file final38.txt (compact mmCIF, N, CA and C atoms)
# COMPACT_ATOMS: atom_id res chain seq x y z
N GLN A 17 124.84 112.13 93.21
CA GLN A 17 124.42 110.86 92.61
C GLN A 17 123.25 110.30 93.38
N VAL A 18 122.36 109.62 92.70
CA VAL A 18 121.19 109.03 93.33
C VAL A 18 120.97 107.65 92.75
N GLN A 19 120.58 106.71 93.61
CA GLN A 19 120.24 105.36 93.19
C GLN A 19 118.74 105.18 93.33
N LEU A 20 118.15 104.47 92.37
CA LEU A 20 116.70 104.34 92.32
C LEU A 20 116.29 102.87 92.24
N VAL A 21 115.26 102.51 93.01
CA VAL A 21 114.74 101.15 93.00
C VAL A 21 113.22 101.22 92.93
N GLU A 22 112.65 100.66 91.87
CA GLU A 22 111.20 100.65 91.70
C GLU A 22 110.59 99.39 92.29
N SER A 23 109.32 99.50 92.66
CA SER A 23 108.57 98.35 93.13
C SER A 23 107.10 98.62 92.90
N GLY A 24 106.29 97.58 93.10
CA GLY A 24 104.84 97.76 93.05
C GLY A 24 104.19 97.25 91.78
N GLY A 25 104.97 96.80 90.81
CA GLY A 25 104.37 96.27 89.60
C GLY A 25 103.71 94.93 89.85
N GLY A 26 103.02 94.43 88.83
CA GLY A 26 102.37 93.14 88.96
C GLY A 26 101.39 92.90 87.84
N LEU A 27 100.62 91.83 87.99
CA LEU A 27 99.59 91.46 87.03
C LEU A 27 98.24 91.95 87.55
N VAL A 28 97.55 92.73 86.76
CA VAL A 28 96.29 93.33 87.19
C VAL A 28 95.27 93.20 86.05
N GLN A 29 94.02 93.06 86.41
CA GLN A 29 92.97 93.04 85.40
C GLN A 29 92.67 94.45 84.92
N ALA A 30 92.23 94.55 83.70
CA ALA A 30 91.83 95.84 83.16
C ALA A 30 90.78 96.49 84.07
N GLY A 31 90.95 97.78 84.27
CA GLY A 31 90.07 98.52 85.17
C GLY A 31 90.59 98.63 86.58
N GLY A 32 91.60 97.85 86.90
CA GLY A 32 92.17 97.88 88.23
C GLY A 32 93.15 99.02 88.43
N SER A 33 93.77 99.03 89.60
CA SER A 33 94.70 100.09 89.97
C SER A 33 95.99 99.51 90.52
N LEU A 34 97.04 100.29 90.42
CA LEU A 34 98.33 99.95 91.01
C LEU A 34 98.99 101.22 91.49
N ARG A 35 99.82 101.10 92.52
CA ARG A 35 100.67 102.20 92.90
C ARG A 35 102.12 101.74 92.81
N LEU A 36 102.84 102.36 91.93
CA LEU A 36 104.26 102.08 91.79
C LEU A 36 105.05 102.99 92.72
N SER A 37 106.12 102.45 93.27
CA SER A 37 106.97 103.22 94.17
C SER A 37 108.39 103.24 93.63
N CYS A 38 109.08 104.30 93.94
CA CYS A 38 110.48 104.44 93.57
C CYS A 38 111.23 104.96 94.79
N ALA A 39 112.10 104.13 95.32
CA ALA A 39 112.90 104.52 96.48
C ALA A 39 114.23 105.05 96.02
N ALA A 40 114.58 106.23 96.51
CA ALA A 40 115.83 106.86 96.12
C ALA A 40 116.79 106.89 97.28
N SER A 41 118.03 106.65 96.98
CA SER A 41 119.08 106.78 97.99
C SER A 41 120.18 107.66 97.43
N GLY A 42 120.94 108.22 98.34
CA GLY A 42 121.96 109.15 97.90
C GLY A 42 121.68 110.53 98.47
N ARG A 43 122.54 111.43 98.14
CA ARG A 43 122.43 112.75 98.72
C ARG A 43 121.43 113.64 98.00
N SER A 44 120.83 114.52 98.77
CA SER A 44 120.08 115.64 98.21
C SER A 44 118.98 115.22 97.23
N PHE A 45 118.18 114.26 97.65
CA PHE A 45 117.07 113.79 96.80
C PHE A 45 116.18 114.95 96.38
N SER A 46 115.95 115.88 97.27
CA SER A 46 115.02 116.97 96.97
C SER A 46 115.56 117.92 95.90
N ASN A 47 116.81 117.77 95.51
CA ASN A 47 117.36 118.58 94.43
C ASN A 47 117.02 118.04 93.05
N TYR A 48 116.50 116.81 93.00
CA TYR A 48 116.26 116.14 91.74
C TYR A 48 114.78 116.18 91.35
N ALA A 49 114.55 116.54 90.11
CA ALA A 49 113.22 116.32 89.54
C ALA A 49 113.12 114.85 89.19
N MET A 50 111.92 114.31 89.33
CA MET A 50 111.73 112.87 89.16
C MET A 50 110.68 112.61 88.09
N CYS A 51 110.80 111.48 87.45
CA CYS A 51 109.81 111.16 86.43
C CYS A 51 109.66 109.65 86.30
N TRP A 52 108.66 109.28 85.55
CA TRP A 52 108.42 107.88 85.18
C TRP A 52 108.38 107.78 83.66
N PHE A 53 109.01 106.73 83.14
CA PHE A 53 108.92 106.33 81.76
C PHE A 53 108.37 104.91 81.73
N ARG A 54 107.94 104.49 80.56
CA ARG A 54 107.54 103.09 80.41
C ARG A 54 107.99 102.58 79.05
N GLN A 55 108.20 101.27 79.01
CA GLN A 55 108.66 100.63 77.78
C GLN A 55 107.87 99.36 77.56
N ALA A 56 107.05 99.37 76.53
CA ALA A 56 106.28 98.20 76.14
C ALA A 56 107.17 97.26 75.32
N PRO A 57 106.81 95.99 75.26
CA PRO A 57 107.62 95.02 74.51
C PRO A 57 107.84 95.46 73.06
N GLY A 58 109.10 95.47 72.64
CA GLY A 58 109.43 95.81 71.27
C GLY A 58 109.33 97.27 70.92
N LYS A 59 109.10 98.12 71.93
CA LYS A 59 108.93 99.55 71.66
C LYS A 59 109.97 100.36 72.42
N ALA A 60 110.07 101.62 72.03
CA ALA A 60 110.99 102.52 72.70
C ALA A 60 110.44 102.92 74.08
N ARG A 61 111.31 103.46 74.90
CA ARG A 61 110.90 103.94 76.21
C ARG A 61 110.22 105.30 76.03
N TRP A 62 109.04 105.46 76.69
CA TRP A 62 108.24 106.66 76.53
C TRP A 62 108.00 107.35 77.86
N PHE A 63 108.02 108.66 77.81
CA PHE A 63 107.75 109.49 78.97
C PHE A 63 106.31 109.30 79.45
N VAL A 64 106.14 109.26 80.76
CA VAL A 64 104.80 109.11 81.34
C VAL A 64 104.43 110.34 82.18
N ALA A 65 105.28 110.66 83.15
CA ALA A 65 104.93 111.75 84.07
C ALA A 65 106.19 112.26 84.76
N ALA A 66 106.14 113.51 85.21
CA ALA A 66 107.25 114.10 85.94
C ALA A 66 106.73 114.95 87.09
N VAL A 67 107.55 115.08 88.11
CA VAL A 67 107.21 115.92 89.27
C VAL A 67 108.42 116.79 89.59
N SER A 68 108.15 118.03 89.96
CA SER A 68 109.24 118.96 90.26
C SER A 68 109.91 118.62 91.58
N THR A 69 110.98 119.32 91.87
CA THR A 69 111.77 119.00 93.05
C THR A 69 110.96 119.11 94.34
N ASN A 70 110.07 120.09 94.43
CA ASN A 70 109.28 120.26 95.66
C ASN A 70 107.92 119.60 95.59
N GLY A 71 107.63 118.95 94.49
CA GLY A 71 106.38 118.22 94.35
C GLY A 71 105.18 119.07 93.98
N ARG A 72 105.36 120.34 93.80
CA ARG A 72 104.21 121.22 93.55
C ARG A 72 103.77 121.24 92.10
N SER A 73 104.67 120.86 91.21
CA SER A 73 104.35 120.87 89.79
C SER A 73 104.48 119.48 89.21
N THR A 74 103.53 119.14 88.35
CA THR A 74 103.56 117.85 87.68
C THR A 74 103.26 118.04 86.20
N TYR A 75 103.70 117.05 85.43
CA TYR A 75 103.46 117.09 83.99
C TYR A 75 103.22 115.66 83.53
N TYR A 76 102.24 115.48 82.62
CA TYR A 76 101.86 114.15 82.18
C TYR A 76 101.83 114.06 80.66
N ALA A 77 102.13 112.87 80.18
CA ALA A 77 101.88 112.58 78.78
C ALA A 77 100.37 112.61 78.55
N ASP A 78 99.96 113.07 77.39
CA ASP A 78 98.52 113.17 77.11
C ASP A 78 97.81 111.84 77.26
N SER A 79 98.50 110.76 76.94
CA SER A 79 97.87 109.44 76.94
C SER A 79 97.50 108.95 78.33
N VAL A 80 98.06 109.57 79.37
CA VAL A 80 97.80 109.09 80.73
C VAL A 80 97.11 110.12 81.61
N LYS A 81 96.88 111.30 81.10
CA LYS A 81 96.22 112.33 81.90
C LYS A 81 94.87 111.86 82.39
N GLY A 82 94.61 112.13 83.65
CA GLY A 82 93.34 111.75 84.26
C GLY A 82 93.35 110.36 84.88
N ARG A 83 94.31 109.51 84.51
CA ARG A 83 94.38 108.16 85.08
C ARG A 83 95.62 107.96 85.95
N PHE A 84 96.69 108.67 85.64
CA PHE A 84 97.96 108.53 86.36
C PHE A 84 98.18 109.75 87.24
N THR A 85 98.74 109.51 88.42
CA THR A 85 99.11 110.60 89.31
C THR A 85 100.50 110.36 89.86
N ILE A 86 101.39 111.31 89.64
CA ILE A 86 102.74 111.23 90.18
C ILE A 86 102.83 112.09 91.42
N SER A 87 103.56 111.61 92.41
CA SER A 87 103.76 112.37 93.63
C SER A 87 105.10 111.99 94.24
N ARG A 88 105.52 112.76 95.22
CA ARG A 88 106.78 112.46 95.88
C ARG A 88 106.70 112.84 97.35
N ASP A 89 107.53 112.20 98.15
CA ASP A 89 107.64 112.52 99.56
C ASP A 89 109.12 112.71 99.84
N ASN A 90 109.56 113.95 99.90
CA ASN A 90 110.98 114.22 100.08
C ASN A 90 111.48 113.82 101.48
N ALA A 91 110.58 113.70 102.43
CA ALA A 91 110.99 113.33 103.78
C ALA A 91 111.52 111.90 103.84
N ILE A 92 111.01 111.06 102.93
CA ILE A 92 111.43 109.66 102.94
C ILE A 92 112.01 109.22 101.60
N ASN A 93 112.35 110.17 100.76
CA ASN A 93 113.02 109.89 99.47
C ASN A 93 112.23 108.91 98.60
N MET A 94 110.95 109.19 98.43
CA MET A 94 110.10 108.31 97.65
C MET A 94 109.36 109.08 96.55
N VAL A 95 109.16 108.39 95.45
CA VAL A 95 108.32 108.88 94.36
C VAL A 95 107.29 107.81 94.05
N TYR A 96 106.08 108.23 93.72
CA TYR A 96 104.99 107.29 93.48
C TYR A 96 104.33 107.57 92.13
N LEU A 97 103.76 106.51 91.58
CA LEU A 97 102.92 106.65 90.40
C LEU A 97 101.65 105.85 90.65
N GLN A 98 100.57 106.54 90.88
CA GLN A 98 99.26 105.91 91.05
C GLN A 98 98.65 105.75 89.67
N ILE A 99 98.27 104.51 89.35
CA ILE A 99 97.70 104.22 88.05
C ILE A 99 96.30 103.65 88.26
N ASN A 100 95.31 104.33 87.72
CA ASN A 100 93.92 103.89 87.84
C ASN A 100 93.37 103.52 86.48
N SER A 101 92.26 102.80 86.51
CA SER A 101 91.58 102.41 85.26
C SER A 101 92.57 101.81 84.27
N LEU A 102 93.32 100.84 84.72
CA LEU A 102 94.37 100.25 83.89
C LEU A 102 93.79 99.64 82.63
N LYS A 103 94.56 99.78 81.55
CA LYS A 103 94.18 99.24 80.25
C LYS A 103 95.27 98.26 79.78
N PRO A 104 94.94 97.32 78.94
CA PRO A 104 95.96 96.40 78.43
C PRO A 104 97.14 97.13 77.79
N GLU A 105 96.87 98.27 77.17
CA GLU A 105 97.96 99.01 76.53
C GLU A 105 98.89 99.70 77.54
N ASP A 106 98.57 99.64 78.81
CA ASP A 106 99.47 100.14 79.85
C ASP A 106 100.55 99.11 80.20
N THR A 107 100.42 97.91 79.65
CA THR A 107 101.40 96.87 79.91
C THR A 107 102.78 97.32 79.45
N ALA A 108 103.73 97.31 80.37
CA ALA A 108 105.07 97.81 80.07
C ALA A 108 105.95 97.62 81.30
N VAL A 109 107.23 97.81 81.11
CA VAL A 109 108.14 97.98 82.23
C VAL A 109 108.17 99.48 82.54
N TYR A 110 107.96 99.80 83.80
CA TYR A 110 107.92 101.20 84.23
C TYR A 110 109.22 101.53 84.94
N TYR A 111 109.83 102.63 84.50
CA TYR A 111 111.12 103.07 85.03
C TYR A 111 110.98 104.42 85.73
N CYS A 112 111.68 104.53 86.83
CA CYS A 112 111.82 105.79 87.53
C CYS A 112 113.15 106.43 87.10
N ALA A 113 113.17 107.73 86.93
CA ALA A 113 114.40 108.42 86.52
C ALA A 113 114.51 109.75 87.24
N ALA A 114 115.74 110.21 87.36
CA ALA A 114 115.99 111.46 88.09
C ALA A 114 116.91 112.36 87.29
N THR A 115 116.71 113.66 87.48
CA THR A 115 117.58 114.63 86.87
C THR A 115 117.64 115.89 87.73
N LEU A 116 118.76 116.54 87.70
CA LEU A 116 118.80 117.89 88.24
C LEU A 116 118.02 118.78 87.27
N PRO A 117 117.39 119.83 87.75
CA PRO A 117 116.67 120.73 86.83
C PRO A 117 117.56 121.19 85.69
N PHE A 118 117.00 121.31 84.52
CA PHE A 118 117.74 121.66 83.33
C PHE A 118 118.14 123.13 83.34
N SER A 119 119.13 123.45 82.55
CA SER A 119 119.65 124.82 82.53
C SER A 119 118.58 125.82 82.11
N SER A 120 117.58 125.35 81.38
CA SER A 120 116.49 126.23 80.96
C SER A 120 115.56 126.57 82.12
N GLY A 121 115.69 125.82 83.22
CA GLY A 121 114.83 126.05 84.36
C GLY A 121 113.67 125.09 84.45
N THR A 122 113.46 124.32 83.38
CA THR A 122 112.36 123.36 83.42
C THR A 122 112.78 122.14 84.23
N TYR A 123 111.79 121.40 84.70
CA TYR A 123 112.07 120.25 85.56
C TYR A 123 111.84 118.92 84.85
N TYR A 124 111.40 118.96 83.60
CA TYR A 124 111.14 117.70 82.94
C TYR A 124 111.59 117.77 81.49
N SER A 125 111.81 116.58 80.97
CA SER A 125 112.03 116.40 79.54
C SER A 125 111.35 115.11 79.15
N THR A 126 110.81 115.05 77.98
CA THR A 126 110.19 113.82 77.51
C THR A 126 111.19 112.90 76.80
N ARG A 127 112.44 113.33 76.73
CA ARG A 127 113.50 112.54 76.10
C ARG A 127 114.22 111.72 77.15
N ASP A 128 114.28 110.42 76.96
CA ASP A 128 114.90 109.58 77.99
C ASP A 128 116.41 109.82 78.09
N ASP A 129 117.04 110.26 77.01
CA ASP A 129 118.49 110.46 77.10
C ASP A 129 118.86 111.76 77.83
N ASP A 130 117.87 112.49 78.29
CA ASP A 130 118.14 113.67 79.12
C ASP A 130 118.23 113.32 80.60
N TYR A 131 117.97 112.06 80.94
CA TYR A 131 118.00 111.64 82.34
C TYR A 131 119.22 110.79 82.59
N ARG A 132 119.92 111.11 83.67
CA ARG A 132 121.17 110.42 83.97
C ARG A 132 120.97 109.21 84.86
N TYR A 133 120.01 109.27 85.77
CA TYR A 133 119.84 108.21 86.77
C TYR A 133 118.55 107.45 86.53
N TRP A 134 118.67 106.12 86.54
CA TRP A 134 117.54 105.24 86.24
C TRP A 134 117.49 104.09 87.24
N GLY A 135 116.26 103.64 87.50
CA GLY A 135 116.09 102.41 88.23
C GLY A 135 116.10 101.23 87.27
N GLN A 136 115.88 100.03 87.83
CA GLN A 136 115.94 98.81 87.02
C GLN A 136 114.59 98.50 86.37
N GLY A 137 113.54 99.16 86.81
CA GLY A 137 112.23 98.95 86.23
C GLY A 137 111.38 97.97 87.00
N THR A 138 110.07 98.12 86.86
CA THR A 138 109.11 97.19 87.45
C THR A 138 108.06 96.87 86.40
N GLN A 139 107.73 95.59 86.27
CA GLN A 139 106.82 95.14 85.20
C GLN A 139 105.37 95.33 85.63
N VAL A 140 104.60 95.93 84.75
CA VAL A 140 103.15 96.04 84.91
C VAL A 140 102.51 95.30 83.75
N THR A 141 101.67 94.34 84.06
CA THR A 141 100.96 93.58 83.04
C THR A 141 99.47 93.68 83.31
N VAL A 142 98.73 94.12 82.30
CA VAL A 142 97.29 94.31 82.44
C VAL A 142 96.58 93.31 81.54
N SER A 143 95.77 92.47 82.14
CA SER A 143 95.02 91.48 81.38
C SER A 143 93.64 92.01 81.03
N SER A 144 93.16 91.61 79.87
CA SER A 144 91.85 92.10 79.41
C SER A 144 90.73 91.18 79.85
call {"tool": "encode", "arguments": {"input": "final38.txt", "output": "structure tokens"}}
result
Amino acid sequence: QVQLVESGGGLVQAGGSLRLSCAASGRSFSNYAMCWFRQAPGKARWFVAAVSTNGRSTYYADSVKGRFTISRDNAINMVYLQINSLKPEDTAVYYCAATLPFSSGTYYSTRDDDYRYWGQGTQVTVSS
């Protein structure tokens, strides 16, 4: 089991940057693939990015490629999401989620119901 706590959200002007953090507690953090989802007001939760257990592989939603970077530090049980060139449409609550690698061997899924562990979310608001 793993517990997740996000931080780093805030109000930012368009074009700015933020780094979101996700602190994990519990056993065997390095066994879990990690990802970020986001949920805009009135919309469903959408996949943003994922990182493999050892941090060597990453996967991004097409809408954020080139602006978002996911990373992790297994030594301190942290996952990060660097967001650059923020746009008003990036406004959302950002959630960190964890999963053991799937039976297929892949480390990510774009379906939120495939993830068992979630943080409480951190709000990102981008003003134009």
call {"tool": "atom_distance", "arguments": {"input": "final38.txt", "atom1": "atom N of Gly58 (chain A)", "atom2": "atom C of Pro104 (chain A)"}}
result
13.1 Å
call {"tool": "axis_aligned_box", "arguments": {"input": "final38.txt", "around": "region 37-40 of chain A", "padding_each_side": "6 Å", "output": "AutoDock Vina command-line options"}}
result
--center_x 111.5 --center_y 104.7 --center_z 95.3 --size_x 22.7 --size_y 16.4 --size_z 16.0
call {"tool": "residues_around", "arguments": {"input": "final38.txt", "residues": "region 115-126 of chain A", "least_positions_apart": "5", "cutoff": "8 Å", "atoms": "only N, CA and C atoms", "output": "PyMOL selection string"}}
result
chain A and resi 47-51+61-69+75+131-134
call {"tool": "atom_distance", "arguments": {"input": "final38.txt", "atom1": "atom N of Tyr76 (chain A)", "atom2": "atom N of Trp52 (chain A)"}}
result
9.4 Å
call {"tool": "residues_around", "arguments": {"input": "final38.txt", "residues": "Arg88 (chain A)", "least_positions_apart": "4", "cutoff": "7 Å", "atoms": "only N, CA and C atoms", "output": "ChimeraX atom specification"}}
result
/A:67,71,93-96
call {"tool": "select_by_dssp", "arguments": {"input": "final38.txt", "residues": "chain A", "states": "helix (DSSP H, G or I)", "output": "count of residues only"}}
result
12
call {"tool": "closest_residue", "arguments": {"input": "final38.txt", "among": "A:Lys103, A:Tyr110, A:Gly26, A:Gly32", "to": "Gln136 (chain A)", "atoms": "only C-alpha atoms"}}
result
A:Tyr110
call {"tool": "residues_around", "arguments": {"input": "final38.txt", "residues": "Gly82 (chain A)", "least_positions_apart": "3", "cutoff": "7 Å", "atoms": "only N, CA and C atoms", "output": "PyMOL selection string"}}
result
chain A and resi 79+85+100
call {"tool": "atom_distance", "arguments": {"input": "final38.txt", "atom1": "CA of Tyr111 (chain A)", "atom2": "CA of Gly25 (chain A)"}}
result
10.6 Å
call {"tool": "select_by_dssp", "arguments": {"input": "final38.txt", "residues": "chain A", "states": "strand (DSSP E or B)", "output": "number ranges by chain"}}
result
A: 18-23, 26-29, 34-42, 49-55, 61-67, 74-76, 84-89, 94-99, 108-115, 133-134, 138-143
call {"tool": "closest_residue", "arguments": {"input": "final38.txt", "among": "A:Asn70, A:Gln29, A:Gln55, A:Ser37", "to": "Gln98 (chain A)", "atoms": "only N, CA and C atoms"}}
result
A:Ser37
call {"tool": "residues_around", "arguments": {"input": "final38.txt", "residues": "Arg43 (chain A)", "least_positions_apart": "3", "cutoff": "7 Å", "atoms": "only N, CA and C atoms", "output": "PyMOL selection string"}}
result
chain A and resi 17-19+46-47
call {"tool": "residues_near_point", "arguments": {"input": "final38.txt", "point": "(109.9, 97.2, 92.3)", "cutoff": "7 Å", "atoms": "only C-alpha atoms", "output": "ChimeraX atom specification"}}
result
/A:21-25,37,137-138
call {"tool": "write_last_selection", "arguments": {"input": "final38.txt", "atoms": "N, CA and C atoms", "output": "JSON list (two decimals), in the frame of the given file"}}
result
[["chain", "number", "residue", "atom", "x", "y", "z"],
["A", 21, "VAL", "N", 115.26, 102.51, 93.01],
["A", 21, "VAL", "CA", 114.74, 101.15, 93.00],
["A", 21, "VAL", "C", 113.22, 101.22, 92.93],
["A", 22, "GLU", "N", 112.65, 100.66, 91.87],
["A", 22, "GLU", "CA", 111.20, 100.65, 91.70],
["A", 22, "GLU", "C", 110.59, 99.39, 92.29],
["A", 23, "SER", "N", 109.32, 99.50, 92.66],
["A", 23, "SER", "CA", 108.57, 98.35, 93.13],
["A", 23, "SER", "C", 107.10, 98.62, 92.90],
["A", 24, "GLY", "N", 106.29, 97.58, 93.10],
["A", 24, "GLY", "CA", 104.84, 97.76, 93.05],
["A", 24, "GLY", "C", 104.19, 97.25, 91.78],
["A", 25, "GLY", "N", 104.97, 96.80, 90.81],
["A", 25, "GLY", "CA", 104.37, 96.27, 89.60],
["A", 25, "GLY", "C", 103.71, 94.93, 89.85],
["A", 37, "SER", "N", 106.12, 102.45, 93.27],
["A", 37, "SER", "CA", 106.97, 103.22, 94.17],
["A", 37, "SER", "C", 108.39, 103.24, 93.63],
["A", 137, "GLY", "N", 113.54, 99.16, 86.81],
["A", 137, "GLY", "CA", 112.23, 98.95, 86.23],
["A", 137, "GLY", "C", 111.38, 97.97, 87.00],
["A", 138, "THR", "N", 110.07, 98.12, 86.86],
["A", 138, "THR", "CA", 109.11, 97.19, 87.45],
["A", 138, "THR", "C", 108.06, 96.87, 86.40]]
call {"tool": "closest_residue", "arguments": {"input": "final38.txt", "among": "A:Ala108, A:Ala60, A:Leu97, A:Leu102", "to": "Val140 (chain A)", "atoms": "all atoms listed in the file"}}
result
A:Ala108
call {"tool": "closest_residue", "arguments": {"input": "final38.txt", "among": "A:Leu27, A:Lys59, A:Gly135, A:Arg127", "to": "Ala113 (chain A)", "atoms": "only N, CA and C atoms"}}
result
A:Gly135
